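Enquirer: My structure is stored as work_26.txt, with compact mmCIF, C-alpha atoms.
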```
# COMPACT_ATOMS: atom_id res chain seq x y z
CA THR A 1 -44.88 -32.51 -10.05
CA LEU A 2 -46.44 -30.12 -12.53
CA THR A 3 -49.45 -28.32 -11.03
CA VAL A 4 -51.94 -26.92 -13.53
CA SER A 5 -54.50 -24.48 -12.13
CA GLY A 6 -55.86 -23.09 -15.41
CA ALA A 7 -55.29 -24.12 -19.01
CA MET A 8 -51.81 -25.19 -20.08
CA THR A 9 -51.49 -25.48 -23.86
CA VAL A 10 -48.87 -27.29 -25.92
CA ARG A 11 -49.07 -25.35 -29.18
CA SER A 12 -49.36 -27.00 -32.59
CA SER A 13 -45.61 -26.80 -33.21
CA GLY A 14 -44.74 -27.50 -29.58
CA PHE A 15 -43.27 -30.52 -27.80
CA CYS A 16 -43.56 -31.43 -24.11
CA ALA A 17 -42.04 -34.57 -22.57
CA PRO A 18 -42.73 -35.17 -18.86
CA ASN A 19 -40.72 -38.13 -17.54
CA ASN A 20 -41.41 -39.83 -14.18
CA SER A 21 -43.75 -36.95 -13.41
CA THR A 22 -47.11 -36.22 -11.84
CA ILE A 23 -49.44 -33.73 -13.49
CA ALA A 24 -51.79 -32.36 -10.84
CA GLY A 25 -54.12 -29.46 -10.15
CA VAL A 26 -57.66 -28.53 -11.18
CA GLY A 27 -56.74 -27.26 -14.64
CA THR A 28 -56.62 -28.72 -18.15
CA VAL A 29 -53.63 -29.69 -20.27
CA VAL A 30 -54.51 -28.94 -23.90
CA ASN A 31 -52.21 -30.71 -26.35
CA GLN A 32 -52.24 -29.27 -29.86
CA GLY A 33 -48.70 -30.44 -30.67
CA THR A 34 -46.85 -33.47 -29.31
CA LEU A 35 -47.11 -34.52 -25.67
CA ASP A 36 -44.77 -37.40 -24.79
CA LEU A 37 -45.54 -38.94 -21.38
CA LYS A 38 -43.19 -41.53 -19.87
CA ASN A 39 -43.86 -43.28 -16.53
CA SER A 40 -46.15 -40.46 -15.46
CA ASN A 41 -49.46 -39.91 -13.64
CA VAL A 42 -52.29 -37.50 -14.33
CA SER A 43 -54.28 -36.75 -11.17
CA ALA A 44 -58.05 -37.23 -10.88
CA SER A 45 -58.66 -33.47 -10.82
CA THR A 46 -56.64 -32.76 -13.97
CA ALA A 47 -58.09 -33.03 -17.48
CA LEU A 48 -56.09 -33.85 -20.59
CA ASP A 49 -57.56 -32.61 -23.87
CA ASN A 50 -55.68 -34.16 -26.77
CA GLN A 51 -55.96 -32.19 -30.01
CA GLY A 52 -52.62 -33.38 -31.42
CA THR A 53 -50.36 -36.40 -30.87
CA LEU A 54 -50.11 -38.03 -27.45
CA VAL A 55 -47.26 -40.54 -27.10
CA LEU A 56 -47.31 -42.84 -24.08
CA ASN A 57 -44.37 -44.96 -22.87
CA GLY A 58 -43.91 -47.01 -19.73
CA THR A 59 -46.63 -46.89 -17.04
CA ILE A 60 -49.18 -44.11 -17.52
CA ALA A 61 -51.96 -43.66 -14.96
CA MET A 62 -54.74 -41.48 -16.38
CA ASN A 63 -56.81 -40.73 -13.29
CA GLY A 64 -58.43 -37.60 -14.75
CA PRO A 65 -60.55 -37.36 -17.90
CA LEU A 66 -58.86 -37.82 -21.26
CA THR A 67 -60.67 -36.40 -24.28
CA THR A 68 -59.72 -36.86 -27.92
CA ALA A 69 -60.83 -35.10 -31.10
CA PRO A 70 -61.20 -36.45 -34.65
CA GLY A 71 -57.86 -36.46 -36.45
CA THR A 72 -55.82 -36.85 -33.24
CA ILE A 73 -53.48 -39.69 -32.27
CA VAL A 74 -52.94 -41.50 -28.99
CA ARG A 75 -49.90 -43.74 -29.49
CA LEU A 76 -48.87 -46.38 -26.94
CA GLN A 77 -45.26 -46.99 -27.88
CA GLY A 78 -42.85 -48.99 -25.76
CA ASP A 79 -39.13 -48.65 -26.39
CA GLY A 80 -35.82 -49.73 -24.90
CA THR A 81 -35.98 -47.18 -22.08
CA THR A 82 -39.06 -48.83 -20.54
CA GLY A 83 -39.69 -52.13 -22.33
CA PHE A 84 -43.48 -51.61 -22.52
CA ALA A 85 -46.29 -49.07 -22.79
CA THR A 86 -49.36 -49.35 -20.54
CA LEU A 87 -52.09 -46.75 -20.29
CA THR A 88 -54.56 -47.28 -17.43
CA SER A 89 -57.64 -45.07 -17.40
CA ALA A 90 -59.54 -44.84 -14.13
CA ALA A 91 -62.72 -43.78 -15.94
CA SER A 92 -64.51 -44.66 -19.15
CA LEU A 93 -62.68 -43.47 -22.24
CA THR A 94 -64.05 -42.41 -25.64
CA ASN A 95 -61.77 -42.39 -28.65
CA ASN A 96 -62.80 -39.95 -31.38
CA GLY A 97 -59.51 -40.10 -33.27
CA THR A 98 -56.84 -42.79 -33.65
CA ILE A 99 -55.37 -45.08 -31.00
CA GLU A 100 -52.21 -46.96 -31.99
CA LEU A 101 -50.67 -49.85 -30.06
CA THR A 102 -47.08 -50.27 -31.21
CA SER A 103 -43.39 -50.55 -30.25
CA ILE A 104 -39.99 -49.45 -31.46
CA THR A 105 -36.45 -50.91 -31.27
CA SER A 106 -37.61 -54.36 -30.02
CA ALA A 107 -40.65 -56.57 -29.31
CA TYR A 108 -42.27 -54.58 -26.50
CA GLY A 109 -45.88 -54.90 -25.41
CA ALA A 110 -48.58 -52.22 -25.53
CA THR A 111 -51.68 -52.36 -23.30
CA LEU A 112 -54.65 -50.04 -22.99
CA ALA A 113 -56.64 -50.70 -19.80
CA VAL A 114 -59.86 -49.20 -18.44
CA THR A 115 -60.46 -50.19 -14.84
CA GLY A 116 -63.55 -51.80 -13.32
CA ALA A 117 -66.84 -51.44 -15.15
CA GLY A 118 -65.57 -48.55 -17.26
CA THR A 119 -65.96 -48.72 -21.04
CA LEU A 120 -63.60 -48.05 -23.89
CA THR A 121 -65.80 -46.56 -26.61
CA ASN A 122 -64.38 -46.37 -30.11
CA ALA A 123 -66.67 -43.78 -31.71
CA ALA A 124 -68.04 -43.89 -35.25
CA GLY A 125 -65.25 -42.81 -37.59
CA ALA A 126 -62.56 -43.51 -34.98
CA THR A 127 -59.89 -46.21 -35.22
CA ILE A 128 -57.93 -48.48 -32.92
CA THR A 129 -55.01 -50.25 -34.60
CA SER A 130 -52.60 -52.86 -33.29
CA LEU A 131 -49.50 -52.08 -35.32
CA VAL A 132 -46.63 -54.46 -36.00
CA GLY A 133 -44.02 -51.93 -34.89
CA ALA A 134 -41.01 -53.92 -33.69
CA GLY A 135 -43.24 -56.77 -32.46
CA GLY A 136 -44.60 -57.64 -29.02
CA THR A 137 -48.03 -58.19 -27.51
CA ARG A 138 -51.02 -55.88 -28.06
CA THR A 139 -53.79 -55.89 -25.46
CA LEU A 140 -57.07 -54.12 -24.77
CA ASP A 141 -57.94 -54.71 -21.10
CA ALA A 142 -61.30 -52.96 -21.19
CA GLN A 143 -64.98 -53.39 -21.86
CA LEU A 144 -65.13 -52.49 -25.55
CA ASN A 145 -67.96 -50.67 -27.29
CA ASN A 146 -66.84 -50.40 -30.90
CA LEU A 147 -68.78 -48.15 -33.26
CA GLY A 148 -65.75 -47.40 -35.45
CA THR A 149 -62.97 -49.64 -36.75
CA VAL A 150 -60.56 -51.89 -34.86
CA THR A 151 -57.76 -53.19 -37.10
CA MET A 152 -55.28 -55.96 -36.35
CA LEU A 153 -51.90 -55.77 -38.07
CA GLN A 154 -50.30 -57.41 -35.01
CA PRO A 155 -52.19 -60.05 -32.97
CA LEU A 156 -54.53 -58.38 -30.47
CA THR A 157 -56.05 -59.74 -27.25
CA LEU A 158 -59.26 -58.32 -25.80
CA SER A 159 -59.49 -59.39 -22.18
CA HIS A 160 -61.39 -57.86 -19.26
CA ALA A 161 -63.25 -59.63 -16.45
CA SER A 162 -67.07 -59.41 -16.39
CA ALA A 163 -67.17 -57.28 -19.54
CA ALA A 164 -70.10 -56.88 -21.93
CA HIS A 165 -68.33 -56.17 -25.21
CA SER A 166 -70.23 -54.91 -28.25
CA ASN A 167 -69.34 -54.32 -31.88
CA SER A 168 -71.62 -52.33 -34.16
CA GLY A 169 -68.73 -51.11 -36.31
CA THR A 170 -65.95 -53.13 -37.94
CA ILE A 171 -63.39 -55.44 -36.40
CA ASP A 172 -60.85 -56.25 -39.10
CA ALA A 173 -58.62 -59.24 -38.43
CA THR A 174 -57.49 -59.51 -42.04
CA GLY A 175 -53.87 -58.82 -41.12
CA ALA A 176 -53.48 -60.64 -37.80
CA ASP A 177 -55.29 -62.82 -35.24
CA VAL A 178 -57.73 -61.54 -32.64
CA THR A 179 -58.37 -63.27 -29.32
CA ILE A 180 -61.27 -62.52 -26.97
CA ASN A 181 -60.71 -64.02 -23.51
CA GLN A 182 -63.83 -63.84 -21.34
CA SER A 183 -64.00 -64.42 -17.60
CA GLY A 184 -65.74 -63.23 -14.46
CA THR A 185 -69.49 -62.65 -14.05
CA SER A 186 -71.67 -63.04 -17.18
CA PRO A 187 -69.05 -61.92 -19.72
CA SER A 188 -70.31 -61.46 -23.27
CA PHE A 189 -69.46 -60.30 -26.78
CA THR A 190 -72.29 -59.14 -29.07
CA ASN A 191 -71.71 -58.47 -32.76
CA SER A 192 -74.20 -56.39 -34.72
CA GLY A 193 -71.58 -55.01 -37.10
CA THR A 194 -68.87 -56.74 -39.12
CA LEU A 195 -66.20 -59.14 -37.89
CA THR A 196 -63.76 -60.02 -40.67
CA ILE A 197 -61.17 -62.77 -40.20
CA GLY A 198 -58.70 -62.97 -43.05
CA ALA A 199 -57.44 -66.11 -44.74
CA GLY A 200 -54.83 -67.78 -42.56
CA ARG A 201 -56.00 -65.81 -39.50
CA THR A 202 -57.91 -66.97 -36.44
CA GLY A 203 -60.50 -65.23 -34.33
CA THR A 204 -60.78 -66.94 -30.95
CA VAL A 205 -63.53 -66.48 -28.36
CA SER A 206 -62.82 -68.26 -25.08
CA GLY A 207 -65.54 -68.58 -22.44
CA GLY A 208 -68.55 -66.38 -21.83
CA ALA A 209 -71.30 -65.69 -24.38
CA PHE A 210 -70.82 -64.90 -28.06
CA THR A 211 -73.84 -63.57 -29.94
CA ASN A 212 -73.94 -62.62 -33.59
CA ILE A 213 -77.35 -60.93 -33.95
CA SER A 214 -79.40 -60.77 -37.16
CA THR A 215 -77.54 -57.71 -38.52
CA GLY A 216 -74.12 -59.08 -37.67
CA VAL A 217 -71.73 -60.16 -40.43
CA LEU A 218 -69.02 -62.77 -39.97
CA ASN A 219 -66.84 -62.97 -43.07
CA GLY A 220 -63.37 -63.49 -44.51
CA GLY A 221 -61.48 -66.63 -45.35
CA GLY A 222 -60.18 -67.28 -41.84
CA ALA A 223 -61.25 -69.42 -38.89
CA LEU A 224 -63.56 -68.61 -35.98
CA LEU A 225 -62.76 -70.71 -32.91
CA LEU A 226 -65.34 -70.78 -30.11
CA SER A 227 -63.95 -72.45 -26.99
CA ASN A 228 -66.23 -73.28 -24.05
CA ALA A 229 -68.54 -70.43 -25.02
CA THR A 230 -72.31 -70.09 -25.19
CA SER A 231 -72.68 -69.01 -28.78
CA SER A 232 -75.67 -67.88 -30.80
CA ILE A 233 -75.38 -67.19 -34.55
CA GLN A 234 -78.61 -65.42 -35.47
CA SER A 235 -77.71 -64.10 -38.92
CA SER A 236 -77.25 -65.69 -42.33
CA GLY A 237 -74.31 -63.38 -43.06
CA PHE A 238 -71.80 -66.08 -42.18
CA THR A 239 -69.09 -66.72 -44.78
CA LEU A 240 -65.94 -67.56 -42.88
CA GLY A 241 -63.40 -70.11 -44.01
CA SER A 242 -64.13 -72.36 -41.06
CA LEU A 243 -66.03 -72.58 -37.78
CA ASN A 244 -64.50 -74.65 -34.99
CA VAL A 245 -66.52 -75.11 -31.79
CA SER A 246 -65.02 -76.85 -28.78
CA GLY A 247 -67.18 -77.33 -25.67
CA GLY A 248 -70.08 -75.11 -24.67
CA THR A 249 -73.22 -74.69 -26.76
CA ALA A 250 -73.81 -73.41 -30.27
CA SER A 251 -77.18 -72.19 -31.58
CA PHE A 252 -77.89 -71.34 -35.21
CA ALA A 253 -80.90 -69.47 -36.60
CA ALA A 254 -80.03 -70.26 -40.23
CA ASN A 255 -78.71 -73.32 -41.99
CA LEU A 256 -74.98 -73.93 -42.28
CA SER A 257 -73.30 -75.84 -45.08
CA THR A 258 -69.88 -77.38 -45.44
CA GLY A 259 -70.12 -76.14 -49.01
CA VAL A 260 -69.64 -72.61 -47.64
CA GLN A 261 -67.20 -73.18 -44.77
CA ALA A 262 -65.57 -76.06 -42.95
CA LEU A 263 -67.38 -77.03 -39.74
CA SER A 264 -65.95 -78.77 -36.68
CA PHE A 265 -67.74 -79.50 -33.39
CA THR A 266 -66.12 -81.17 -30.38
CA SER A 267 -67.98 -81.93 -27.13
CA THR A 268 -70.58 -79.30 -28.09
CA THR A 269 -74.35 -79.05 -27.72
CA ILE A 270 -75.81 -77.86 -31.04
CA ASN A 271 -79.22 -76.14 -31.17
CA GLY A 272 -81.48 -74.97 -34.03
CA PRO A 273 -83.64 -74.03 -35.68
CA GLY A 274 -80.88 -73.80 -38.29
```
Represent the structure from my file as structure tokens, please.

Expert:
Amino acid sequence: TLTVSGAMTVRSSGFCAPNNSTIAGVGTVVNQGTLDLKNSNVSASTALDNQGTLVLNGTIAMNGPLTTAPGTIVRLQGDGTTGFATLTSAASLTNNGTIELTSITSAYGATLAVTGAGTLTNAAGATITSLVGAGGTRTLDAQLNNLGTVTMLQPLTLSHASAAHSNSGTIDATGADVTINQSGTSPSFTNSGTLTIGAGRTGTVSGGAFTNISTGVLNGGGALLLSNATSSIQSSGFTLGSLNVSGGTASFAANLSTGVQALSFTSTTINGPG
């Protein structure tokens, strides 16, 4: 156990690597260099202020507040010593820099989780990227409020019970698939920004409500698959390669044409006025 009562600073050229440790106390850990946490816990009374590169491996319980600055990196990176990287934040988390989900040496998973009704906010100008690394799953288990950019280079799953997700920034699935699994009480995903699905890629929304409001843009040459969802497409900015709706209901405010994208409806209730 490392007990911090004041401010403990990892300097810009410094390196600190707690392993199987607990960081406790009422102080603040300020990381200006590289802080490498493996299978470690940060207590509820301890703050972590990341101003450099934070590397997370194994099981990381972030019970205290984690703050990030523009230009910083939080990297979830599983390797052969743990086989995975999972960060669980007990409170809402705002990313002002870069979050990377990746792996090295083999196909290990990376998961960022925010418990309960907490929200993962990706601020304007900030990025969350699912990197190919050495392969493996990439998961956001959180209610997502994206004002910045979320980029898929490795398939990414967004999954959190009873979440109200929102995107007013950019979700870029040009390089890999994105899957949104919705469950629990009144789950929803609302897009007022841009959702791009690249050619040969698939964006899947399963269950819950999917709303693309009038300012929302759905584009790219890929496929949007809505499965057992209550969907409402309120904008005319809809230029995907294909729309496939299976079950649920689909409402359209503007006209759709098979001259623009392929359309497929199975066991679906279709509503207008489009």

Enquirer: Which one is closest to Leu195 (chain A): A:Ser257, A:Thr3, A:Thr174, A:Gln234? Count all atoms listed in the file.

Expert: A:Thr174

Enquirer: For a quick check of understanding, using only C-alpha atoms, which of A:Asn39, A:Asn57, A:Gln143, A:Thr67 has the smallest distance to Ser103 (chain A)?

Expert: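 Nearest to Ser103 (chain A): A:Asn57.
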
Enquirer: Calculate how many Å separate CA of Ala47 (chain A) from CA of Ala123 (chain A), rounding to one decimal.

Expert: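 These two atoms are separated by 19.8 Å.
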
Enquirer: Calculated over all atoms listed in the file, which of the candidates A:Val29, A:Ala24, A:Ala253, A:Ala69 has the smallest distance to Thr127 (chain A)?

Expert: A:Ala69

Enquirer: Set the distance at 12 Å and use all atoms listed in the file: which residues neighbour region 5-18 of chain A once local chain neighbours fewer than 6 positions away are removed? I'd like the list as a PyMOL selection string.

Expert: chain A and resi 24-42+45-58+60+72

Enquirer: Please report the interatomic distance between CA of Val205 (chain A) and CA of Thr239 (chain A) in Å with one decimal.

Expert: 17.3 Å

Enquirer: Which is closer to Phe265 (chain A) than all the others in A:Ser227, A:Ser236, A:Thr190, A:Thr139, using only C-alpha atoms?

Expert: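 With only C-alpha atoms as the atom set, the closest residue is A:Ser227.
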
Enquirer: So the first atom is CA of Ser168 (chain A) and the second is CA of Thr266 (chain A); what is the distance between them in Å, to one decimal place?

Expert: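 So the two atoms, CA of Ser168 (chain A) and CA of Thr266 (chain A), lie 29.6 Å apart.
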
Enquirer: Looking at A:Gly208, A:Gly118, A:Gly221, A:Pro273, which one is nearest to Gly247 (chain A), with distances taken over only C-alpha atoms?

Expert: A:Gly208

Enquirer: Identify, on the basis of all atoms listed in the file, every residue whose closest approach to Thr249 (chain A) does not exceed 9 Å; exclude the query and any residue fewer than 5 positions from it along the same chain; express the result as a list of chain:residue names.

Expert: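 Near neighbours after the sequence-gap exclusion: A:Asn228, A:Ala229, A:Thr230, A:Ser231, A:Ser232, A:Ser267, A:Thr268, A:Thr269, A:Ile270, A:Asn271.
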
Enquirer: Mind checking which residues fall within 7 Å of Ile104 (chain A), counting all atoms listed in the file, ignoring those fewer than 3 positions away in the same chain, and posting them as a ChimeraX atom specification?

Expert: /A:77-79,133-134

Enquirer: Find the spatial neighbours of Ser130 (chain A), counting only C-alpha atoms, within a cut-off of 7 Å - ignore same-chain residues fewer than 2 positions away - and output them as a PyMOL selection string.

Expert: chain A and resi 100-102+128+132+138+151-154+156

Enquirer: Show which residues sit within 9 Å of Ala91 (chain A), as a list in words. Count all atoms listed in the file, and ignore same-chain residues fewer than 6 positions away.

Expert: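 These residues fall inside the cut-off: Met62, Asn63, Gly64, Pro65, Leu66, Val114, Thr115, Gly116, Ala117, Gly118 and Thr119 of chain A.
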